[in-house]
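Asks: My file is my_file-v8.cif. It has mmCIF, C-alpha atoms:
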data_final
loop_
_atom_site.label_atom_id
_atom_site.label_comp_id
_atom_site.auth_asym_id
_atom_site.auth_seq_id
_atom_site.Cartn_x
_atom_site.Cartn_y
_atom_site.Cartn_z
CA PHE A 652 75.28 -57.14 -41.74
CA GLU A 653 75.04 -60.92 -41.72
CA GLU A 654 73.85 -60.86 -38.10
CA GLN A 655 71.09 -58.40 -38.92
CA TRP A 656 70.00 -60.53 -41.91
CA LYS A 657 69.81 -63.67 -39.75
CA ASN A 658 67.62 -61.82 -37.27
CA LEU A 659 65.13 -60.99 -40.01
CA LEU A 660 65.02 -64.58 -41.17
CA ASN A 661 64.50 -65.72 -37.59
CA GLY A 662 61.32 -63.75 -37.19
CA GLU A 663 62.14 -60.06 -36.58
CA ILE A 664 59.78 -57.87 -38.60
CA SER A 665 62.25 -55.01 -39.25
CA SER A 666 65.79 -53.93 -38.60
CA HIS A 667 68.02 -50.93 -39.25
CA TYR A 668 71.75 -50.53 -39.06
CA GLU A 669 74.74 -48.66 -40.42
CA TYR A 670 77.74 -50.14 -42.13
CA LYS A 671 80.50 -49.28 -44.56
CA ILE A 672 80.70 -50.24 -48.22
CA VAL A 673 83.32 -49.85 -50.89
CA SER A 674 82.00 -48.17 -54.02
CA ARG A 675 82.91 -49.16 -57.56
CA THR A 676 85.49 -46.38 -57.57
CA GLY A 677 87.11 -47.77 -54.43
CA GLU A 678 85.74 -45.05 -52.14
CA THR A 679 84.61 -46.11 -48.66
CA LYS A 680 81.14 -44.89 -47.72
CA TRP A 681 78.78 -45.15 -44.80
CA VAL A 682 75.23 -46.34 -45.57
CA TYR A 683 72.08 -46.66 -43.52
CA GLN A 684 69.79 -49.59 -44.26
CA ARG A 685 66.26 -50.19 -43.01
CA SER A 686 64.76 -53.57 -43.81
CA VAL A 687 61.21 -54.97 -43.43
CA LEU A 688 60.30 -58.66 -43.58
CA ILE A 689 57.40 -59.49 -45.98
CA VAL A 690 55.25 -62.38 -44.66
CA ASP A 691 52.61 -64.42 -46.56
CA ASN A 692 49.31 -63.80 -44.82
CA LYS A 693 47.98 -67.24 -45.64
CA THR A 694 50.96 -69.37 -44.75
CA GLY A 695 52.68 -67.02 -42.31
CA HIS A 696 56.02 -67.71 -43.96
CA PRO A 697 58.43 -64.91 -44.96
CA THR A 698 58.45 -64.40 -48.66
CA ALA A 699 60.82 -61.41 -49.13
CA VAL A 700 62.68 -58.55 -47.51
CA GLU A 701 62.13 -54.99 -48.57
CA GLY A 702 64.45 -52.16 -47.58
CA ILE A 703 65.97 -48.79 -48.25
CA VAL A 704 69.75 -48.08 -48.29
CA SER A 705 70.80 -44.44 -47.90
CA ASP A 706 74.23 -42.78 -48.22
CA VAL A 707 74.93 -41.21 -44.79
CA THR A 708 78.66 -40.62 -45.24
CA LYS A 709 78.48 -36.85 -44.69
CA GLN A 710 76.26 -37.22 -41.65
CA LYS A 711 78.55 -39.92 -40.21
CA LEU A 712 81.68 -37.84 -40.71
CA ALA A 713 79.99 -34.85 -39.08
CA GLU A 714 79.05 -36.99 -36.09
CA MET A 715 82.63 -38.24 -35.80
CA VAL A 716 83.99 -34.68 -35.87
CA LEU A 717 81.44 -33.60 -33.27
CA ALA A 718 82.31 -36.55 -31.06
CA GLY A 719 85.99 -35.63 -31.29
CA SER A 720 85.22 -32.02 -30.41
CA GLU A 721 83.20 -33.10 -27.39
CA VAL A 722 86.10 -35.23 -26.16
CA LYS A 723 88.50 -32.30 -26.55
CA HIS A 724 86.04 -29.98 -24.82
CA LYS A 725 85.56 -32.34 -21.90
CA THR A 726 89.31 -32.85 -21.55
CA LEU A 727 89.95 -29.10 -21.68
CA VAL A 728 87.30 -28.31 -19.08
CA LYS A 729 88.47 -31.15 -16.84
CA ASN A 730 92.02 -29.75 -16.83
CA ILE A 731 90.93 -26.27 -15.72
CA PRO A 732 91.92 -25.92 -12.02
CA GLY A 733 88.58 -24.46 -11.00
CA MET A 734 84.82 -24.87 -11.14
CA VAL A 735 83.36 -24.24 -14.61
CA TYR A 736 79.68 -23.35 -14.80
CA ARG A 737 76.88 -21.71 -16.76
CA ALA A 738 74.20 -19.73 -14.95
CA TYR A 739 70.76 -18.90 -16.35
CA PRO A 740 68.38 -15.94 -16.02
CA ASP A 741 66.38 -17.71 -13.27
CA TRP A 742 69.64 -17.97 -11.21
CA SER A 743 69.83 -21.72 -11.71
CA ALA A 744 73.16 -23.07 -12.94
CA ASP A 745 74.77 -26.07 -14.58
CA VAL A 746 78.10 -27.00 -13.02
CA ILE A 747 80.34 -28.43 -15.73
CA SER A 748 83.28 -29.58 -13.60
CA GLY A 749 85.47 -28.91 -10.56
CA SER A 750 82.84 -28.38 -7.86
CA GLU A 751 83.96 -31.13 -5.49
CA ALA A 752 87.58 -29.98 -5.47
CA LEU A 753 86.51 -26.39 -4.90
CA CYS A 754 83.77 -26.67 -2.28
CA GLY A 755 83.06 -30.36 -1.62
CA TYR A 756 79.60 -30.38 -3.26
CA THR A 757 78.85 -32.49 -6.33
CA LYS A 758 77.33 -31.06 -9.51
CA ASN A 759 73.95 -32.54 -8.63
CA GLU A 760 74.01 -31.11 -5.10
CA LEU A 761 74.72 -27.60 -6.37
CA ALA A 762 71.84 -28.01 -8.84
CA SER A 763 69.35 -28.50 -5.99
CA LYS A 764 67.32 -25.73 -4.43
CA GLU A 765 68.77 -26.35 -0.97
CA ASP A 766 72.51 -26.33 -1.72
CA ASN A 767 72.97 -24.07 -4.72
CA TRP A 768 75.97 -21.82 -5.16
CA LEU A 769 74.28 -18.72 -3.74
CA SER A 770 73.52 -20.59 -0.53
CA ILE A 771 77.21 -21.24 0.27
CA ILE A 772 78.42 -17.66 -0.28
CA HIS A 773 79.46 -15.99 2.99
CA PRO A 774 76.53 -13.99 4.47
CA ASP A 775 78.62 -10.80 4.72
CA GLU A 776 79.22 -10.77 0.97
CA LYS A 777 76.15 -12.41 -0.49
CA GLU A 778 74.20 -9.19 -1.13
CA THR A 779 77.15 -7.54 -2.91
CA ILE A 780 77.67 -10.58 -5.15
CA PHE A 781 73.96 -10.71 -5.91
CA GLN A 782 73.79 -7.02 -6.88
CA GLU A 783 76.89 -7.22 -9.09
CA GLY A 784 75.43 -10.32 -10.72
CA ARG A 785 72.26 -8.38 -11.60
CA GLU A 786 74.39 -5.79 -13.43
CA LEU A 787 75.66 -8.55 -15.71
CA THR A 788 72.12 -9.05 -17.01
CA GLN A 789 71.98 -5.48 -18.34
CA SER A 790 74.80 -5.57 -20.91
CA PRO A 791 77.62 -7.83 -22.12
CA GLN A 792 80.56 -7.48 -19.76
CA ASP A 793 83.27 -9.33 -17.88
CA ILE A 794 83.83 -9.02 -14.13
CA VAL A 795 85.99 -10.69 -11.50
CA GLN A 796 84.59 -11.08 -7.98
CA THR A 797 86.58 -12.15 -4.93
CA TYR A 798 84.59 -13.43 -1.96
CA ARG A 799 84.29 -16.16 0.67
CA ILE A 800 82.32 -19.39 0.59
CA LYS A 801 81.53 -22.08 3.14
CA THR A 802 82.51 -25.57 1.95
CA LYS A 803 80.55 -28.74 2.59
CA ASP A 804 82.94 -29.54 5.46
CA GLY A 805 82.29 -26.13 7.04
CA ASP A 806 85.62 -24.52 6.07
CA ILE A 807 85.79 -20.93 4.88
CA ARG A 808 87.57 -20.41 1.56
CA TRP A 809 88.36 -17.43 -0.60
CA VAL A 810 87.41 -17.77 -4.28
CA GLU A 811 87.89 -15.65 -7.40
CA ASP A 812 84.88 -15.75 -9.73
CA HIS A 813 85.51 -14.79 -13.39
CA LYS A 814 82.16 -14.07 -15.07
CA THR A 815 81.13 -13.26 -18.64
CA SER A 816 77.54 -12.34 -19.47
CA ILE A 817 76.08 -13.96 -22.62
CA PHE A 818 73.45 -12.31 -24.85
CA SER A 819 71.60 -13.60 -27.91
CA GLU A 820 71.79 -12.00 -31.34
CA THR A 821 68.56 -10.16 -30.52
CA GLY A 822 70.07 -8.68 -27.36
CA GLU A 823 68.32 -10.96 -24.91
CA PHE A 824 70.22 -12.03 -21.81
CA VAL A 825 70.94 -15.75 -22.06
CA GLY A 826 73.13 -16.46 -19.05
CA ILE A 827 76.58 -16.25 -17.52
CA ASP A 828 79.61 -18.38 -18.26
CA GLY A 829 82.17 -18.49 -15.52
CA VAL A 830 85.04 -20.25 -13.81
CA ILE A 831 85.78 -20.04 -10.10
CA PHE A 832 89.26 -20.53 -8.61
CA ASN A 833 90.34 -21.25 -5.05
CA VAL A 834 92.54 -18.29 -3.98
CA THR A 835 92.63 -18.99 -0.24
CA ASP A 836 96.42 -19.42 -0.15
CA ARG A 837 96.92 -16.16 -2.01
CA LYS A 838 94.56 -14.26 0.29
CA GLN A 839 96.31 -15.70 3.35
CA ALA A 840 99.67 -14.65 1.91
CA GLU A 841 98.29 -11.15 1.24
CA GLU A 842 96.96 -10.95 4.80
CA GLU A 843 100.31 -12.09 6.22
CA LEU A 844 102.08 -9.51 4.04
CA ARG A 845 99.69 -6.79 5.20
CA THR A 846 100.22 -7.76 8.84
CA THR A 847 103.99 -7.78 8.32
CA ASN A 848 103.87 -4.33 6.68
CA GLU A 849 101.79 -2.99 9.58
CA ARG A 850 104.31 -4.38 12.07
CA LEU A 851 107.18 -2.85 10.09
CA GLU A 852 105.41 0.51 9.92
CA GLU A 853 104.78 0.39 13.66
CA THR A 854 108.43 -0.53 14.29
CA VAL A 855 109.57 2.34 12.05
CA LYS A 856 107.31 4.74 13.96
CA GLU A 857 108.70 3.51 17.28
CA ARG A 858 112.30 3.77 16.09
CA THR A 859 111.62 7.21 14.62
CA ALA A 860 110.16 8.34 17.94
CA GLU A 861 113.20 6.95 19.78
CA ILE A 862 115.59 8.72 17.39
CA GLU A 863 113.64 11.95 17.77
CA GLU A 864 113.86 11.66 21.56
CA LYS A 865 117.60 11.04 21.31
CA ASN A 866 117.95 14.00 18.94
CA VAL A 867 116.12 16.20 21.41
CA ALA A 868 118.37 14.96 24.22
CA LEU A 869 121.43 15.54 22.03
CA ARG A 870 120.30 19.06 21.18
CA VAL A 871 119.81 19.74 24.89
CA LEU A 872 123.30 18.43 25.61
CA MET A 873 124.78 20.48 22.77
CA GLU A 874 123.00 23.60 23.98
CA GLN A 875 124.18 22.86 27.49
CA GLY A 876 127.72 22.36 26.16
CA GLU A 877 127.55 25.67 24.31
CA ASN A 878 126.28 27.37 27.45
CA ASP A 879 129.06 25.77 29.51
CA LYS A 880 131.61 26.85 26.91
CA LYS A 881 130.23 30.39 26.94
CA ARG A 882 130.33 30.53 30.75
CA LEU A 883 133.91 29.19 30.71
CA GLU A 884 134.98 31.82 28.18
CA GLU A 885 133.28 34.51 30.21
CA SER A 886 135.00 33.23 33.33
CA ILE A 887 138.43 33.24 31.64
CA VAL A 888 137.90 36.74 30.28
CA ALA A 889 136.73 37.98 33.67
CA ASN A 890 139.67 36.37 35.48
CA VAL A 891 142.19 37.81 33.00
CA LYS A 892 140.68 41.27 33.23
CA GLU A 893 140.23 41.24 37.00
CA LEU A 894 143.26 39.26 38.17
CA ILE A 895 145.99 39.57 35.51
CA MET A 896 145.46 42.81 33.62
CA PRO A 897 145.65 45.06 36.72
CA ASN A 898 149.05 43.56 37.53
CA LEU A 899 150.26 44.12 33.96
CA ILE A 900 149.16 47.72 34.10
CA ARG A 901 151.11 48.24 37.32
CA LEU A 902 154.16 46.60 35.74
CA LYS A 903 153.93 48.82 32.67
CA ASN A 904 153.85 51.88 34.92
CA SER A 905 156.97 50.76 36.78
CA LYS A 906 160.60 51.21 35.74
CA LEU A 907 161.31 48.55 33.10
CA THR A 908 164.15 47.91 30.72
CA GLY A 909 163.54 47.99 26.98
CA LYS A 910 163.66 44.21 26.85
CA GLN A 911 161.11 43.93 29.66
CA LYS A 912 158.79 46.41 28.00
CA VAL A 913 158.87 44.43 24.73
CA GLU A 914 158.14 41.19 26.53
CA LEU A 915 155.38 42.80 28.57
CA ASN A 916 153.73 44.24 25.44
CA VAL A 917 153.84 40.83 23.77
CA LEU A 918 152.39 39.20 26.88
CA GLU A 919 149.58 41.77 27.04
CA ALA A 920 148.79 41.29 23.34
CA ASN A 921 148.71 37.50 23.75
CA LEU A 922 146.37 37.78 26.71
CA ASN A 923 144.07 40.02 24.71
CA GLU A 924 144.02 37.44 21.89
CA ILE A 925 143.25 34.64 24.34
CA THR A 926 140.29 36.52 25.70
CA SER A 927 139.06 37.44 22.19
CA PRO A 928 135.99 35.56 20.78
CA PHE A 929 138.22 34.54 17.89
CA ALA A 930 141.00 33.12 20.07
CA SER A 931 140.11 29.55 19.10
CA LYS A 932 140.46 30.27 15.37
CA VAL A 933 144.21 29.74 15.19
CA SER A 934 145.35 29.30 11.61
CA SER A 935 146.53 25.87 10.59
CA SER A 936 149.57 27.60 9.03
CA TYR A 937 151.06 27.97 12.53
CA LEU A 938 151.03 24.20 12.94
CA LYS A 939 153.92 23.98 10.44
CA LEU A 940 156.24 25.90 12.77
CA THR A 941 158.51 24.58 15.49
CA PRO A 942 157.95 25.87 19.05
CA THR A 943 160.86 28.33 18.72
CA GLU A 944 159.67 29.48 15.30
CA PHE A 945 156.21 29.95 16.79
CA GLN A 946 157.67 32.23 19.49
CA VAL A 947 159.68 34.20 16.95
CA ALA A 948 156.59 34.58 14.71
CA ASN A 949 154.59 35.81 17.71
CA PHE A 950 157.15 38.53 18.43
CA ILE A 951 157.27 39.54 14.75
CA LYS A 952 153.46 39.80 14.58
CA HIS A 953 153.52 42.26 17.49
CA GLY A 954 156.16 44.50 15.93
CA ALA A 955 159.33 43.33 17.71
CA SER A 956 162.64 43.76 15.85
CA SER A 957 165.16 40.98 15.37
CA LYS A 958 167.36 42.57 18.04
CA GLU A 959 164.47 42.73 20.54
CA ILE A 960 163.53 39.12 19.75
CA SER A 961 167.18 38.09 20.19
CA GLU A 962 167.38 39.71 23.62
CA SER A 963 164.00 38.40 24.78
CA LEU A 964 164.51 34.77 23.71
CA GLY A 965 168.27 34.63 24.41
CA LEU A 966 169.12 33.87 20.80
CA SER A 967 171.73 35.34 18.51
CA GLN A 968 170.46 37.79 15.96
CA ARG A 969 171.78 35.48 13.21
CA THR A 970 169.64 32.66 14.63
CA VAL A 971 166.57 34.93 14.67
CA ASP A 972 167.18 35.84 11.04
CA THR A 973 167.40 32.10 10.20
CA HIS A 974 164.09 31.55 11.94
CA ARG A 975 162.59 34.44 9.96
CA TYR A 976 163.73 32.76 6.72
CA ASN A 977 162.30 29.38 7.77
CA ILE A 978 159.00 30.97 8.81
CA ARG A 979 158.65 32.67 5.39
CA LYS A 980 159.43 29.40 3.62
CA LYS A 981 157.02 27.31 5.66
CA LEU A 982 154.22 29.87 5.28
CA GLY A 983 154.77 30.10 1.51
CA VAL A 984 155.66 33.80 1.36
CA SER A 985 159.39 33.45 0.64
CA GLY A 986 160.51 35.62 -2.28
CA ARG A 987 157.05 37.14 -2.78
CA GLY A 988 157.78 40.60 -1.39
CA ILE A 989 155.17 40.24 1.35
CA ASN A 990 155.64 41.92 4.72
CA LEU A 991 155.95 39.09 7.25
CA ARG A 992 154.38 41.05 10.13
CA THR A 993 151.36 41.97 8.00
CA TYR A 994 150.96 38.41 6.80
CA LEU A 995 151.18 36.97 10.33
CA SER A 996 148.57 39.45 11.54
CA SER A 997 146.20 38.24 8.83
CA LEU A 998 146.39 34.70 10.21
CA ALA A 999 144.14 35.46 13.18
#
Please lay out the structure from this file as structure tokens.
Replies:
Amino acid sequence: FEEQWKNLLNGEISSHYEYKIVSRTGETKWVYQRSVLIVDNKTGHPTAVEGIVSDVTKQKLAEMVLAGSEVKHKTLVKNIPGMVYRAYPDWSADVISGSEALCGYTKNELASKEDNWLSIIHPDEKETIFQEGRELTQSPQDIVQTYRIKTKDGDIRWVEDHKTSIFSETGEFVGIDGVIFNVTDRKQAEEELRTTNERLEETVKERTAEIEEKNVALRVLMEQGENDKKRLEESIVANVKELIMPNLIRLKNSKLTGKQKVELNVLEANLNEITSPFASKVSSSYLKLTPTEFQVANFIKHGASSKEISESLGLSQRTVDTHRYNIRKKLGVSGRGINLRTYLSSLA
């Protein structure tokens, strides 16, 4: 205040300035003062100072709040990891921040006609971006566009452009607010993942084809094995019928003792079972028996008496009866009133 007053006294015609005062009630206020020096026309000497002092406290406080908001806004925008911009209906744009980090161009360069944002969009995608941008001028909406740009250094980068169309209260298109992020690393990761998935799918197809080939070969081998088994069975049956059975028939027609006849009948029955299609289906119950018990059970199944079994196997009849008891016990039919011959016949 004193400095401004000295300036008036030193020849300045007018001055204006703001300063704070303390009112009678102790309240601090901002005032605006404009002063004019009054000069005597005859002598040319200053005679007085006239001025107006206005209370501008509300205005000053509003300016301080606005200044604080602008600082916060600038700080917020500066911290956004992308390029913030506003585009206008004539396709011009104001870049707020982040252009150099994103594409290498300064805000002023992107504001020129030569190097605007549209000029650095990849040629293959420029028309699509342009058409989608025109749709934003028709109604309020938000869209996200992913495309490539060419940086000032000539590199190709992927960006993600988040756009919001702005309309006035009367429905007139005003412009587009947006922020653009560099998503090159993400796109590269997606491409690597896609390539990896394609390789895995190809590997799976190759392995599946290999497994299918092996399955076909295995089926051929199994079919061949079944055919070989069938031919072997047919060969055994043919050999038994052609080479063994005729001799058994001649023996049966010869003079035999009772013991020999029993043994021959058992032998013939066993040969018939061997040549039967079900010969391989021997019951697991027989596996519980000793070799001698197995022989005794075989005679019993074919109707031989204990005496005939005793004579054929060279065992005492008491021993045969013991074997009969053990066979019943091991097969779980002891004390159940089941005919042993019938039960053994059911274990084909």
Asks: From the set A:Val682, A:Arg799, A:Tyr756, A:Lys958, which residue has the shortest atom-to-atom contact distance to A:Lys777, counting all atoms listed in the file?
Replies: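 Looking only at the distances to A:Lys777, the closest residue turns out to be A:Arg799.
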Asks: Quick one: pull the distance between atom CA of A:Trp681 and atom CA of A:Val707, Å, one decimal.
Replies: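 So the answer is 5.5 Å.
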Asks: Expressed in Å to a single decimal, how great is the separation between atom CA of A:Phe950 and atom CA of A:Gly988?
Replies: 19.9 Å
Asks: List the residues selected by the PyMOL selection byres ((chain A and resi 971) around 12) in the file shown, writing them as a PyMOL selection string.
Replies: chain A and resi 943-948+950-951+955-970+972-978
Asks: Name the closest residue to A:Gln789 among the candidates A:Val834, A:Leu761, A:Leu769, A:Ile827; distances are taken between atoms, counting only C-alpha atoms.
Replies: A:Ile827
Asks: Please return, as a PyMOL selection string, all polymer residues that have at least one atom within 12 Å of the point (94.2, -15.1, 0.0); use only C-alpha atoms and the file's own coordinate frame.
Replies: chain A and resi 797-799+807-811+832-845
